[in-house]
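For reference, the structure discussed in these notes is given below.
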Amino acid sequence: MKLYTNSRISITGISQIPVLTLFLILLLFSMPVEIAIGQDPSMNWDKPAADLQNTNYNPQTSINKDNVDKLVLKWIYQVPEDPYKLSFIAPSLGLQTAPLVVHGIVYLETFYNRVIALNAETGAEVWRYQVNVTEFLEEDWWCGRRDSAGECIWGVLSQKSLTYHEGLIYFMASDCRVIGLDATDGTEKFLIKDVCKDIPGNTGAYFGEHAPIIVDNILIARPSTQDGGGRGFVSAYDLQTKELLWRWFSVPPSGGDPDWDFKDAAKGNIDPFEGDWGTTDYIGGGAVWTLIAADQQTRMIYFATGSVPGLYDAALRPGPNLYASSIVGLDLDTGELVWYYSVAPHDINDHEVGWSVMLLDANIMGEQKQVVVAGSKTDHVYVLDSMTGVPVYDPIKLTQPAYNVINDNAGNDADLFASQESLVGKSFCPGGNGGIEHPPAFHDNVLFVASQKVCWTIAKGPVDYKGKDLDGFLYSAAPGEKQNSTLFAIDISDGSIKWLFEMPNRYQSSGVTVTGDVVYAVDRASVLYALDANTGELLRRVQWGGLGAGSVTVGATARGEVMLFVPSGGGQVATNTPGIIAAFALPDNGQSDLGLVGDSTETILILVALLTTGITIYTVIRSRK
């Protein structure tokens, strides 16, 4: 969209205007509106964690530590109720997406696969798009279990992220189809339908929940799978032709692969193990639950793989079980494994890296380096060289207690034949959703990350896995354990703790956000904390009720007013709520409608406009005299 003027200047007048003035006029009125808003990174939030590096940082300074206590509630949008109410769905995960903010429009997504666009200034609905989730019932790769009559009795509806790219809003529907919607009106413009259909070596089920990432002309997609037992993979497509370019698998095919470790094990921290994974058809898992980071210059992508389903006996999968529960670097163009780092070989504690992997330019002990940073359920932060996957220093252990977690950070000393039998009736800590279970934030060489205390216990009993009745293992929260969390500010140069902030509730799913020298965090009880990024001092606290599971984001209205968007509510609580989005801004007298920020492009354009207008008026008046 171009910005034009209807002003008329006579030929005589034009001849009197200096060349510089004419140049400035043409420059101003030929620039797209997006230069003022769309290209200023402080105006938009167009990726799940702000950017392709997953920093959860916005450079705006309009809302800052000196005025965050003056923010006022502008509007609340009530998310509509689930129209499908498929009672067998396991689980309904509520409102978990970080709201995108692009060109004055807020985009959110419900777990039942509805994308909604709102006017950022008013909260009014602009458009909505609903996937027909009843179509999923016929798809065997999504419906993991059926009854004797062939009716679907198990599937997952969950949506955790959206992304924006060149005018389209992209997401992966729960049946793994990738959809791109016109950001202005919600019409479907892009579709790859069968991402999870006919996957080689797979005998389990999948579900989609994370948006793809797009780097140049390559779209990277990945499904989720856990108790569905699907074979974890990442796939790449040509954005224009939709052709499959490559597919990388995190685990061997069902039934095993005797050469599995001997292809790429030397690229990481684990020795190859003959017969890794065994020969069972229970093999599955290793899905990519995290956000994916990308580097356009080095042509690398980074992510972490999930653990192995704990329903069946781990003794049936001897070995380190490469490449589950690992941090991974792949070649963007070929899908070739460049390096991996296993955080928990032969994992029986569900101690994968959850939610986010970050790619950071950081000062490490006085040297500028590019590093990959990930927080794990082991309650450690890993800082790895981005090109080699080698730790730049020992994993940073946070404060939650650890016991009965035999293979955390064990490397080649792990017990490769361990069974859950050794933990039946016992508790282990951190549990499978303890430690770090959310996307952290990074700015000014400081990592902001929360750790939660959640311990689990294991019991033996009947389970249904891949449609088979097994005498397997059941994981649940340990009884009598107090659950709370701590937010840390970590100097990434050496792993030292700058400050910490205690929270009385769990912290899971919701990303930490840093902007304007303020750290925003929403705990599991939906308490919003605003903290001084430099000291950890509490600046503001807001209690919402419901469930805290989505990240706070920052963006601007079409008029340039910077606003804060806070999601709240969802499933996995005693009474499920569809959720809300709340929007905050400074009072009308606290900020210009133009939302001027430092030396932003918008500020420069306004100054150019004022200068041009002044010179023009002066020149015309002088010529008439």
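Chains: A, B, ... in order of the structure tokens. Residues: from 1 per chain. Ligands: from 1, in order shown.
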
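Selecting helix (DSSP H, G or I) from the backbone DSSP output for segment 249-473 of chain A yields Asp261, Phe262, Lys263, Asp264, Ala265, Ala266, Lys267, Ala314, Ala315, Leu316, Gly411, Asn412, Asp413, Gln420, Glu421, Ser422 and Leu423 of chain A.
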
Expected file contents, prior selection, C-alpha atoms, as a short mmCIF file (atom, residue, chain, number, x, y, z; two decimals), in the first residue's frame:
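This is the output file result_26.cif:
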data_model
loop_
_atom_site.label_atom_id
_atom_site.label_comp_id
_atom_site.auth_asym_id
_atom_site.auth_seq_id
_atom_site.Cartn_x
_atom_site.Cartn_y
_atom_site.Cartn_z
CA ASP A 261 23.91 -44.78 15.73
CA PHE A 262 26.73 -45.45 13.31
CA LYS A 263 25.61 -42.83 10.78
CA ASP A 264 25.82 -39.66 12.86
CA ALA A 265 26.60 -40.43 16.51
CA ALA A 266 30.13 -39.06 16.12
CA LYS A 267 28.62 -35.60 15.51
CA ALA A 314 12.51 -48.54 28.74
CA ALA A 315 14.36 -51.87 29.02
CA LEU A 316 12.88 -52.67 25.59
CA GLY A 411 26.81 -38.47 28.77
CA ASN A 412 28.56 -41.80 28.15
CA ASP A 413 28.18 -42.76 31.82
CA GLN A 420 11.04 -47.47 35.08
CA GLU A 421 10.67 -50.49 37.36
CA SER A 422 13.40 -48.96 39.54
CA LEU A 423 11.20 -45.91 40.19
#

8 Å contact set for segment 358-375 of chain A, only C-alpha atoms, chain neighbours under 5 positions out, as a PDB file with N, CA, C and O atoms, in the first residue's frame:
ATOM      1  N   GLN A  53      15.353 -15.741  16.160  1.00  0.00           N
ATOM      2  CA  GLN A  53      16.302 -16.215  17.170  1.00  0.00           C
ATOM      3  C   GLN A  53      15.603 -16.574  18.483  1.00  0.00           C
ATOM      4  O   GLN A  53      16.225 -17.068  19.409  1.00  0.00           O
ATOM      5  N   ASN A  54      14.291 -16.277  18.575  1.00  0.00           N
ATOM      6  CA  ASN A  54      13.471 -16.609  19.753  1.00  0.00           C
ATOM      7  C   ASN A  54      13.923 -15.875  21.009  1.00  0.00           C
ATOM      8  O   ASN A  54      13.960 -16.454  22.101  1.00  0.00           O
ATOM      9  N   THR A  55      14.220 -14.571  20.884  1.00  0.00           N
ATOM     10  CA  THR A  55      14.719 -13.818  22.029  1.00  0.00           C
ATOM     11  C   THR A  55      13.622 -13.324  22.970  1.00  0.00           C
ATOM     12  O   THR A  55      13.912 -12.932  24.105  1.00  0.00           O
ATOM     13  N   ILE A 292      11.715 -23.280  16.885  1.00  0.00           N
ATOM     14  CA  ILE A 292      12.929 -23.505  16.108  1.00  0.00           C
ATOM     15  C   ILE A 292      13.600 -22.167  15.839  1.00  0.00           C
ATOM     16  O   ILE A 292      12.951 -21.214  15.410  1.00  0.00           O
ATOM     17  N   ALA A 293      14.903 -22.073  16.099  1.00  0.00           N
ATOM     18  CA  ALA A 293      15.681 -20.879  15.791  1.00  0.00           C
ATOM     19  C   ALA A 293      16.405 -21.077  14.458  1.00  0.00           C
ATOM     20  O   ALA A 293      16.728 -22.214  14.087  1.00  0.00           O
ATOM     21  N   ALA A 294      16.653 -19.984  13.750  1.00  0.00           N
ATOM     22  CA  ALA A 294      17.282 -20.090  12.427  1.00  0.00           C
ATOM     23  C   ALA A 294      18.316 -18.995  12.225  1.00  0.00           C
ATOM     24  O   ALA A 294      18.192 -17.893  12.760  1.00  0.00           O
ATOM     25  N   ASP A 295      19.330 -19.325  11.427  1.00  0.00           N
ATOM     26  CA  ASP A 295      20.374 -18.375  11.058  1.00  0.00           C
ATOM     27  C   ASP A 295      20.462 -18.350   9.534  1.00  0.00           C
ATOM     28  O   ASP A 295      20.871 -19.327   8.907  1.00  0.00           O
ATOM     29  N   TYR A 302      18.005 -24.680  14.539  1.00  0.00           N
ATOM     30  CA  TYR A 302      18.293 -25.266  15.851  1.00  0.00           C
ATOM     31  C   TYR A 302      16.981 -25.542  16.582  1.00  0.00           C
ATOM     32  O   TYR A 302      16.063 -24.712  16.565  1.00  0.00           O
ATOM     33  N   ILE A 327      19.460 -31.561  21.964  1.00  0.00           N
ATOM     34  CA  ILE A 327      19.480 -30.280  21.258  1.00  0.00           C
ATOM     35  C   ILE A 327      20.188 -30.531  19.934  1.00  0.00           C
ATOM     36  O   ILE A 327      21.215 -31.214  19.892  1.00  0.00           O
ATOM     37  N   VAL A 353      14.169 -31.004  26.551  1.00  0.00           N
ATOM     38  CA  VAL A 353      14.085 -29.545  26.503  1.00  0.00           C
ATOM     39  C   VAL A 353      12.698 -29.195  25.994  1.00  0.00           C
ATOM     40  O   VAL A 353      12.268 -29.690  24.952  1.00  0.00           O
ATOM     41  N   HIS A 380      18.335 -27.364  34.045  1.00  0.00           N
ATOM     42  CA  HIS A 380      19.606 -26.799  33.628  1.00  0.00           C
ATOM     43  C   HIS A 380      19.399 -25.880  32.427  1.00  0.00           C
ATOM     44  O   HIS A 380      18.484 -26.088  31.616  1.00  0.00           O
ATOM     45  N   VAL A 381      20.286 -24.899  32.300  1.00  0.00           N
ATOM     46  CA  VAL A 381      20.392 -24.080  31.092  1.00  0.00           C
ATOM     47  C   VAL A 381      21.670 -24.492  30.372  1.00  0.00           C
ATOM     48  O   VAL A 381      22.752 -24.520  30.973  1.00  0.00           O
ATOM     49  N   TYR A 382      21.539 -24.827  29.090  1.00  0.00           N
ATOM     50  CA  TYR A 382      22.671 -25.261  28.280  1.00  0.00           C
ATOM     51  C   TYR A 382      23.064 -24.130  27.330  1.00  0.00           C
ATOM     52  O   TYR A 382      22.211 -23.543  26.661  1.00  0.00           O
ATOM     53  N   VAL A 383      24.355 -23.828  27.285  1.00  0.00           N
ATOM     54  CA  VAL A 383      24.880 -22.799  26.391  1.00  0.00           C
ATOM     55  C   VAL A 383      25.915 -23.483  25.511  1.00  0.00           C
ATOM     56  O   VAL A 383      26.993 -23.880  25.968  1.00  0.00           O
ATOM     57  N   LEU A 384      25.604 -23.627  24.213  1.00  0.00           N
ATOM     58  CA  LEU A 384      26.406 -24.413  23.287  1.00  0.00           C
ATOM     59  C   LEU A 384      26.918 -23.548  22.144  1.00  0.00           C
ATOM     60  O   LEU A 384      26.220 -22.621  21.691  1.00  0.00           O
ATOM     61  N   ASP A 385      28.098 -23.859  21.667  1.00  0.00           N
ATOM     62  CA  ASP A 385      28.617 -23.205  20.471  1.00  0.00           C
ATOM     63  C   ASP A 385      27.692 -23.523  19.292  1.00  0.00           C
ATOM     64  O   ASP A 385      27.368 -24.690  19.041  1.00  0.00           O
ATOM     65  N   SER A 386      27.262 -22.501  18.569  1.00  0.00           N
ATOM     66  CA  SER A 386      26.239 -22.711  17.535  1.00  0.00           C
ATOM     67  C   SER A 386      26.735 -23.541  16.356  1.00  0.00           C
ATOM     68  O   SER A 386      25.934 -24.161  15.657  1.00  0.00           O
ATOM     69  N   GLY A 389      27.992 -27.362  18.666  1.00  0.00           N
ATOM     70  CA  GLY A 389      27.181 -27.995  19.696  1.00  0.00           C
ATOM     71  C   GLY A 389      27.942 -28.308  20.965  1.00  0.00           C
ATOM     72  O   GLY A 389      27.406 -28.949  21.873  1.00  0.00           O
ATOM     73  N   VAL A 392      29.939 -24.210  25.938  1.00  0.00           N
ATOM     74  CA  VAL A 392      30.977 -23.195  26.165  1.00  0.00           C
ATOM     75  C   VAL A 392      31.373 -23.166  27.638  1.00  0.00           C
ATOM     76  O   VAL A 392      32.444 -22.656  27.979  1.00  0.00           O
ATOM     77  N   ILE A 436      12.536 -26.253  33.677  1.00  0.00           N
ATOM     78  CA  ILE A 436      12.231 -25.165  32.736  1.00  0.00           C
ATOM     79  C   ILE A 436      11.275 -25.677  31.672  1.00  0.00           C
ATOM     80  O   ILE A 436      11.608 -26.582  30.917  1.00  0.00           O
ATOM     81  N   GLU A 437      10.091 -25.083  31.626  1.00  0.00           N
ATOM     82  CA  GLU A 437       9.031 -25.547  30.720  1.00  0.00           C
ATOM     83  C   GLU A 437       8.344 -24.364  30.052  1.00  0.00           C
ATOM     84  O   GLU A 437       7.120 -24.255  30.056  1.00  0.00           O
ATOM     85  N   PRO A 440      12.228 -18.744  27.418  1.00  0.00           N
ATOM     86  CA  PRO A 440      12.874 -17.646  28.133  1.00  0.00           C
ATOM     87  C   PRO A 440      12.999 -16.394  27.258  1.00  0.00           C
ATOM     88  O   PRO A 440      12.583 -16.381  26.093  1.00  0.00           O
ATOM     89  N   ASN A 445      22.796  -9.307  27.059  1.00  0.00           N
ATOM     90  CA  ASN A 445      23.614 -10.400  27.583  1.00  0.00           C
ATOM     91  C   ASN A 445      23.046 -11.055  28.844  1.00  0.00           C
ATOM     92  O   ASN A 445      23.743 -11.775  29.566  1.00  0.00           O
ATOM     93  N   VAL A 449      14.778 -16.471  32.782  1.00  0.00           N
ATOM     94  CA  VAL A 449      14.215 -17.810  32.685  1.00  0.00           C
ATOM     95  C   VAL A 449      13.622 -18.228  34.022  1.00  0.00           C
ATOM     96  O   VAL A 449      14.159 -17.905  35.082  1.00  0.00           O
ATOM     97  N   ILE A 492      24.810 -14.327  30.892  1.00  0.00           N
ATOM     98  CA  ILE A 492      25.143 -15.440  30.003  1.00  0.00           C
ATOM     99  C   ILE A 492      26.646 -15.503  29.741  1.00  0.00           C
ATOM    100  O   ILE A 492      27.145 -16.521  29.219  1.00  0.00           O
ATOM    101  N   SER A 493      27.387 -14.468  30.100  1.00  0.00           N
ATOM    102  CA  SER A 493      28.826 -14.489  29.846  1.00  0.00           C
ATOM    103  C   SER A 493      29.527 -15.568  30.653  1.00  0.00           C
ATOM    104  O   SER A 493      30.496 -16.174  30.198  1.00  0.00           O
ATOM    105  N   ASP A 494      29.040 -15.832  31.877  1.00  0.00           N
ATOM    106  CA  ASP A 494      29.684 -16.848  32.712  1.00  0.00           C
ATOM    107  C   ASP A 494      28.700 -17.737  33.474  1.00  0.00           C
ATOM    108  O   ASP A 494      29.117 -18.602  34.240  1.00  0.00           O
TER     109      ASP A 494
END

Review point. Residues at most 8 Å from segment 173-186 of chain A, counting only C-alpha atoms, excluding those fewer than 6 positions away in the same chain, as a ChimeraX atom specification?
Key: /A:113,117,126-129,131,133,136,139,141-142,156-159,167,192-196,206-209,211-212,221,223

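Between Gly467 of chain A and the candidates A:Asp198, A:Asp227, A:Asp238, A:Glu166, the tightest atom-to-atom separation, counting only C-alpha atoms, involves A:Asp227.
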
For Glu109 of chain A, find every residue with an atom within 10 Å (counting only C-alpha atoms), except residues of its own chain fewer than 6 positions away, and show them as a PDB file with C-alpha atoms, in the first residue's frame.
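Written output follows (result-v8.pdb):
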ATOM      1  CA  VAL A  79     -12.329 -15.901  23.424  1.00  0.00           C
ATOM      2  CA  GLY A  94      -6.491 -23.919  26.335  1.00  0.00           C
ATOM      3  CA  LEU A  95      -5.162 -20.563  25.152  1.00  0.00           C
ATOM      4  CA  GLN A  96      -1.401 -20.975  24.715  1.00  0.00           C
ATOM      5  CA  THR A  97      -0.423 -18.834  21.733  1.00  0.00           C
ATOM      6  CA  ALA A  98       1.612 -15.665  22.055  1.00  0.00           C
ATOM      7  CA  PRO A  99      -0.552 -13.009  20.337  1.00  0.00           C
ATOM      8  CA  LEU A 100       1.052 -11.677  17.153  1.00  0.00           C
ATOM      9  CA  VAL A 115      -7.533 -17.991  14.162  1.00  0.00           C
ATOM     10  CA  ILE A 116      -8.900 -14.590  15.194  1.00  0.00           C
ATOM     11  CA  ALA A 117      -7.787 -11.112  14.084  1.00  0.00           C
ATOM     12  CA  ARG A 128     -11.951 -15.194  12.055  1.00  0.00           C
ATOM     13  CA  TYR A 129     -10.997 -18.461  10.357  1.00  0.00           C
ATOM     14  CA  GLN A 130     -12.128 -21.858  11.636  1.00  0.00           C
ATOM     15  CA  SER A 158      -3.698 -27.979  20.669  1.00  0.00           C
ATOM     16  CA  GLN A 159      -2.347 -24.744  19.204  1.00  0.00           C
ATOM     17  CA  LYS A 160       0.761 -23.053  20.582  1.00  0.00           C
ATOM     18  CA  SER A 161       2.045 -20.617  17.969  1.00  0.00           C
ATOM     19  CA  LEU A 162       1.367 -18.497  14.900  1.00  0.00           C
ATOM     20  CA  PHE A 171      -0.099 -22.112  11.470  1.00  0.00           C
TER      21      PHE A 171
END

Exercise for review: Give me every strand (DSSP E or B) residue in segment 282-515 of chain A, going by DSSP on the backbone, as number ranges by chain.
Suggested key: A: 285, 291, 293-295, 300-304, 326-331, 337-342, 353-364, 367-376, 380-385, 391, 396-397, 403, 424, 427-429, 435, 441-443, 446-452, 456-465, 468-477, 485-491, 496-503, 513-515

I'd like the contact shell of segment 101-105 of chain A - 12 Å cut-off, only C-alpha atoms, skipping same-chain residues fewer than 4 positions apart - returned as a compact mmCIF listing (two decimals) with N, CA and C atoms, in the first residue's frame.
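Result went into out-v3.txt, see below:
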# COMPACT_ATOMS: atom_id res chain seq x y z
N MET A 1 0.85 -1.18 0.00
CA MET A 1 0.00 0.00 0.00
C MET A 1 0.89 1.23 0.00
N VAL A 33 3.62 2.71 3.69
CA VAL A 33 3.25 2.92 5.09
C VAL A 33 4.01 1.95 5.99
N GLU A 34 4.30 0.72 5.48
CA GLU A 34 4.95 -0.28 6.30
C GLU A 34 6.33 0.15 6.79
N ILE A 35 6.97 1.13 6.11
CA ILE A 35 8.28 1.58 6.58
C ILE A 35 8.13 2.20 7.96
N ALA A 36 7.02 2.90 8.17
CA ALA A 36 6.82 3.55 9.46
C ALA A 36 6.47 2.56 10.55
N ILE A 37 5.69 1.54 10.23
CA ILE A 37 5.23 0.60 11.26
C ILE A 37 5.80 -0.79 11.03
N GLY A 38 5.64 -1.33 9.80
CA GLY A 38 5.98 -2.71 9.58
C GLY A 38 7.45 -3.03 9.68
N GLN A 39 8.34 -2.07 9.29
CA GLN A 39 9.76 -2.38 9.29
C GLN A 39 10.46 -1.95 10.57
N ASP A 40 9.78 -1.24 11.45
CA ASP A 40 10.34 -0.88 12.74
C ASP A 40 10.07 -2.04 13.69
N PRO A 41 11.11 -2.72 14.15
CA PRO A 41 10.89 -3.92 14.98
C PRO A 41 10.16 -3.64 16.27
N SER A 42 10.12 -2.39 16.72
CA SER A 42 9.41 -2.09 17.95
C SER A 42 7.90 -1.98 17.74
N MET A 43 7.47 -1.91 16.48
CA MET A 43 6.05 -1.74 16.19
C MET A 43 5.30 -3.07 16.10
N ASN A 44 5.99 -4.14 15.67
CA ASN A 44 5.34 -5.43 15.44
C ASN A 44 5.90 -6.51 16.35
N TRP A 45 5.13 -7.56 16.51
CA TRP A 45 5.57 -8.82 17.13
C TRP A 45 5.08 -9.90 16.17
N ASP A 46 5.93 -10.29 15.21
CA ASP A 46 5.43 -11.11 14.11
C ASP A 46 5.92 -12.56 14.13
N LYS A 47 6.65 -12.94 15.17
CA LYS A 47 7.07 -14.32 15.35
C LYS A 47 6.64 -14.79 16.75
N PRO A 48 6.53 -16.09 16.97
CA PRO A 48 6.07 -16.56 18.29
C PRO A 48 6.87 -16.01 19.46
N ALA A 49 8.21 -15.92 19.30
CA ALA A 49 9.06 -15.38 20.36
C ALA A 49 9.80 -14.14 19.86
N ALA A 50 9.10 -13.32 19.08
CA ALA A 50 9.53 -12.01 18.61
C ALA A 50 10.36 -12.05 17.33
N ASN A 58 11.59 -7.06 22.66
CA ASN A 58 11.14 -6.00 21.77
C ASN A 58 11.89 -4.72 22.14
N ILE A 116 -8.08 -15.79 15.02
CA ILE A 116 -8.90 -14.59 15.19
C ILE A 116 -8.02 -13.36 15.04
N ALA A 117 -8.49 -12.38 14.27
CA ALA A 117 -7.79 -11.11 14.08
C ALA A 117 -8.58 -10.01 14.77
N LEU A 118 -7.88 -9.18 15.57
CA LEU A 118 -8.51 -8.11 16.33
C LEU A 118 -7.85 -6.78 16.00
N ASN A 119 -8.64 -5.71 16.03
CA ASN A 119 -8.10 -4.37 15.94
C ASN A 119 -7.31 -4.09 17.21
N ALA A 120 -6.01 -3.80 17.08
CA ALA A 120 -5.17 -3.64 18.27
C ALA A 120 -5.62 -2.48 19.13
N GLU A 121 -6.20 -1.46 18.53
CA GLU A 121 -6.59 -0.27 19.29
C GLU A 121 -7.88 -0.47 20.07
N THR A 122 -8.83 -1.22 19.49
CA THR A 122 -10.16 -1.33 20.09
C THR A 122 -10.53 -2.72 20.58
N GLY A 123 -9.84 -3.75 20.08
CA GLY A 123 -10.21 -5.12 20.42
C GLY A 123 -11.34 -5.66 19.58
N ALA A 124 -11.85 -4.87 18.63
CA ALA A 124 -12.94 -5.32 17.77
C ALA A 124 -12.45 -6.42 16.83
N GLU A 125 -13.29 -7.41 16.61
CA GLU A 125 -12.92 -8.53 15.74
C GLU A 125 -12.90 -8.07 14.29
N VAL A 126 -11.80 -8.36 13.60
CA VAL A 126 -11.64 -8.01 12.19
C VAL A 126 -12.07 -9.17 11.31
N TRP A 127 -11.59 -10.37 11.63
CA TRP A 127 -12.01 -11.58 10.93
C TRP A 127 -11.70 -12.80 11.78
N LEU A 162 1.62 -19.02 16.23
CA LEU A 162 1.37 -18.50 14.90
C LEU A 162 2.64 -17.81 14.42
N THR A 163 2.75 -17.60 13.11
CA THR A 163 3.85 -16.77 12.61
C THR A 163 3.37 -15.99 11.40
N TYR A 164 4.04 -14.87 11.17
CA TYR A 164 3.69 -13.98 10.04
C TYR A 164 4.85 -13.96 9.05
N HIS A 165 4.50 -14.02 7.76
CA HIS A 165 5.53 -13.93 6.73
C HIS A 165 4.92 -13.37 5.46
N GLU A 166 5.41 -12.20 5.04
CA GLU A 166 5.06 -11.58 3.77
C GLU A 166 3.55 -11.58 3.52
N GLY A 167 2.81 -11.05 4.47
CA GLY A 167 1.38 -10.85 4.28
C GLY A 167 0.49 -12.00 4.67
N LEU A 168 1.07 -13.12 5.10
CA LEU A 168 0.27 -14.28 5.48
C LEU A 168 0.51 -14.65 6.94
N ILE A 169 -0.54 -15.13 7.60
CA ILE A 169 -0.46 -15.73 8.92
C ILE A 169 -0.43 -17.24 8.75
N ALA A 183 -3.41 -11.94 5.89
CA ALA A 183 -3.43 -11.24 7.17
C ALA A 183 -4.50 -10.15 7.22
N THR A 184 -4.95 -9.66 6.05
CA THR A 184 -5.91 -8.56 6.05
C THR A 184 -7.36 -9.03 6.15
N ASP A 185 -7.67 -10.20 5.57
CA ASP A 185 -9.08 -10.61 5.56
C ASP A 185 -9.31 -12.07 5.98
N GLY A 186 -8.24 -12.84 6.26
CA GLY A 186 -8.40 -14.20 6.76
C GLY A 186 -8.70 -15.23 5.70
N VAL A 552 3.14 -12.83 27.09
CA VAL A 552 2.87 -11.41 26.90
C VAL A 552 3.62 -10.93 25.65
N THR A 553 2.97 -10.14 24.81
CA THR A 553 3.64 -9.57 23.64
C THR A 553 3.40 -8.07 23.59
N VAL A 554 4.21 -7.38 22.77
CA VAL A 554 4.17 -5.93 22.66
C VAL A 554 4.14 -5.55 21.19
N GLY A 555 3.27 -4.59 20.86
CA GLY A 555 3.20 -4.12 19.48
C GLY A 555 2.45 -2.81 19.44
N ALA A 556 2.21 -2.30 18.22
CA ALA A 556 1.61 -0.98 18.08
C ALA A 556 0.30 -1.05 17.32
N THR A 557 -0.56 -0.07 17.59
CA THR A 557 -1.78 0.10 16.82
C THR A 557 -1.43 0.70 15.46
N ALA A 558 -2.43 0.82 14.60
CA ALA A 558 -2.19 1.41 13.29
C ALA A 558 -1.76 2.86 13.40
N ARG A 559 -2.08 3.52 14.51
CA ARG A 559 -1.66 4.91 14.72
C ARG A 559 -0.31 5.01 15.41
N GLY A 560 0.27 3.85 15.74
CA GLY A 560 1.60 3.85 16.33
C GLY A 560 1.65 3.84 17.83
N GLU A 561 0.51 3.70 18.52
CA GLU A 561 0.51 3.64 19.97
C GLU A 561 0.96 2.25 20.43
N VAL A 562 2.01 2.20 21.23
CA VAL A 562 2.54 0.93 21.71
C VAL A 562 1.62 0.38 22.80
N MET A 563 1.32 -0.93 22.71
CA MET A 563 0.42 -1.57 23.66
C MET A 563 1.00 -2.91 24.12
N LEU A 564 0.50 -3.36 25.25
CA LEU A 564 0.89 -4.63 25.85
C LEU A 564 -0.30 -5.57 25.77
N PHE A 565 -0.08 -6.82 25.30
CA PHE A 565 -1.17 -7.78 25.12
C PHE A 565 -0.92 -9.01 25.99
N VAL A 566 -1.91 -9.33 26.83
CA VAL A 566 -1.74 -10.37 27.84
C VAL A 566 -2.83 -11.44 27.66
N ALA A 583 -5.62 -5.91 26.73
CA ALA A 583 -4.71 -4.94 26.11
C ALA A 583 -4.50 -3.75 27.04

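Taking atom CA of Pro504 of chain A and atom CA of Tyr403 of chain A as the two end points, the separation is 21.9 Å.
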
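Here atom CA of Ile396 of chain A and atom CA of Pro430 of chain A stand 15.0 Å from one another.
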
Review point. What's the 12 Å shell around Pro567 of chain A, counting only C-alpha atoms, without same-chain residues fewer than 4 positions away, as a ChimeraX atom specification?
Key: /A:76-79,94-100,106-110,509-511,521-524,526-528,544-554,578-584
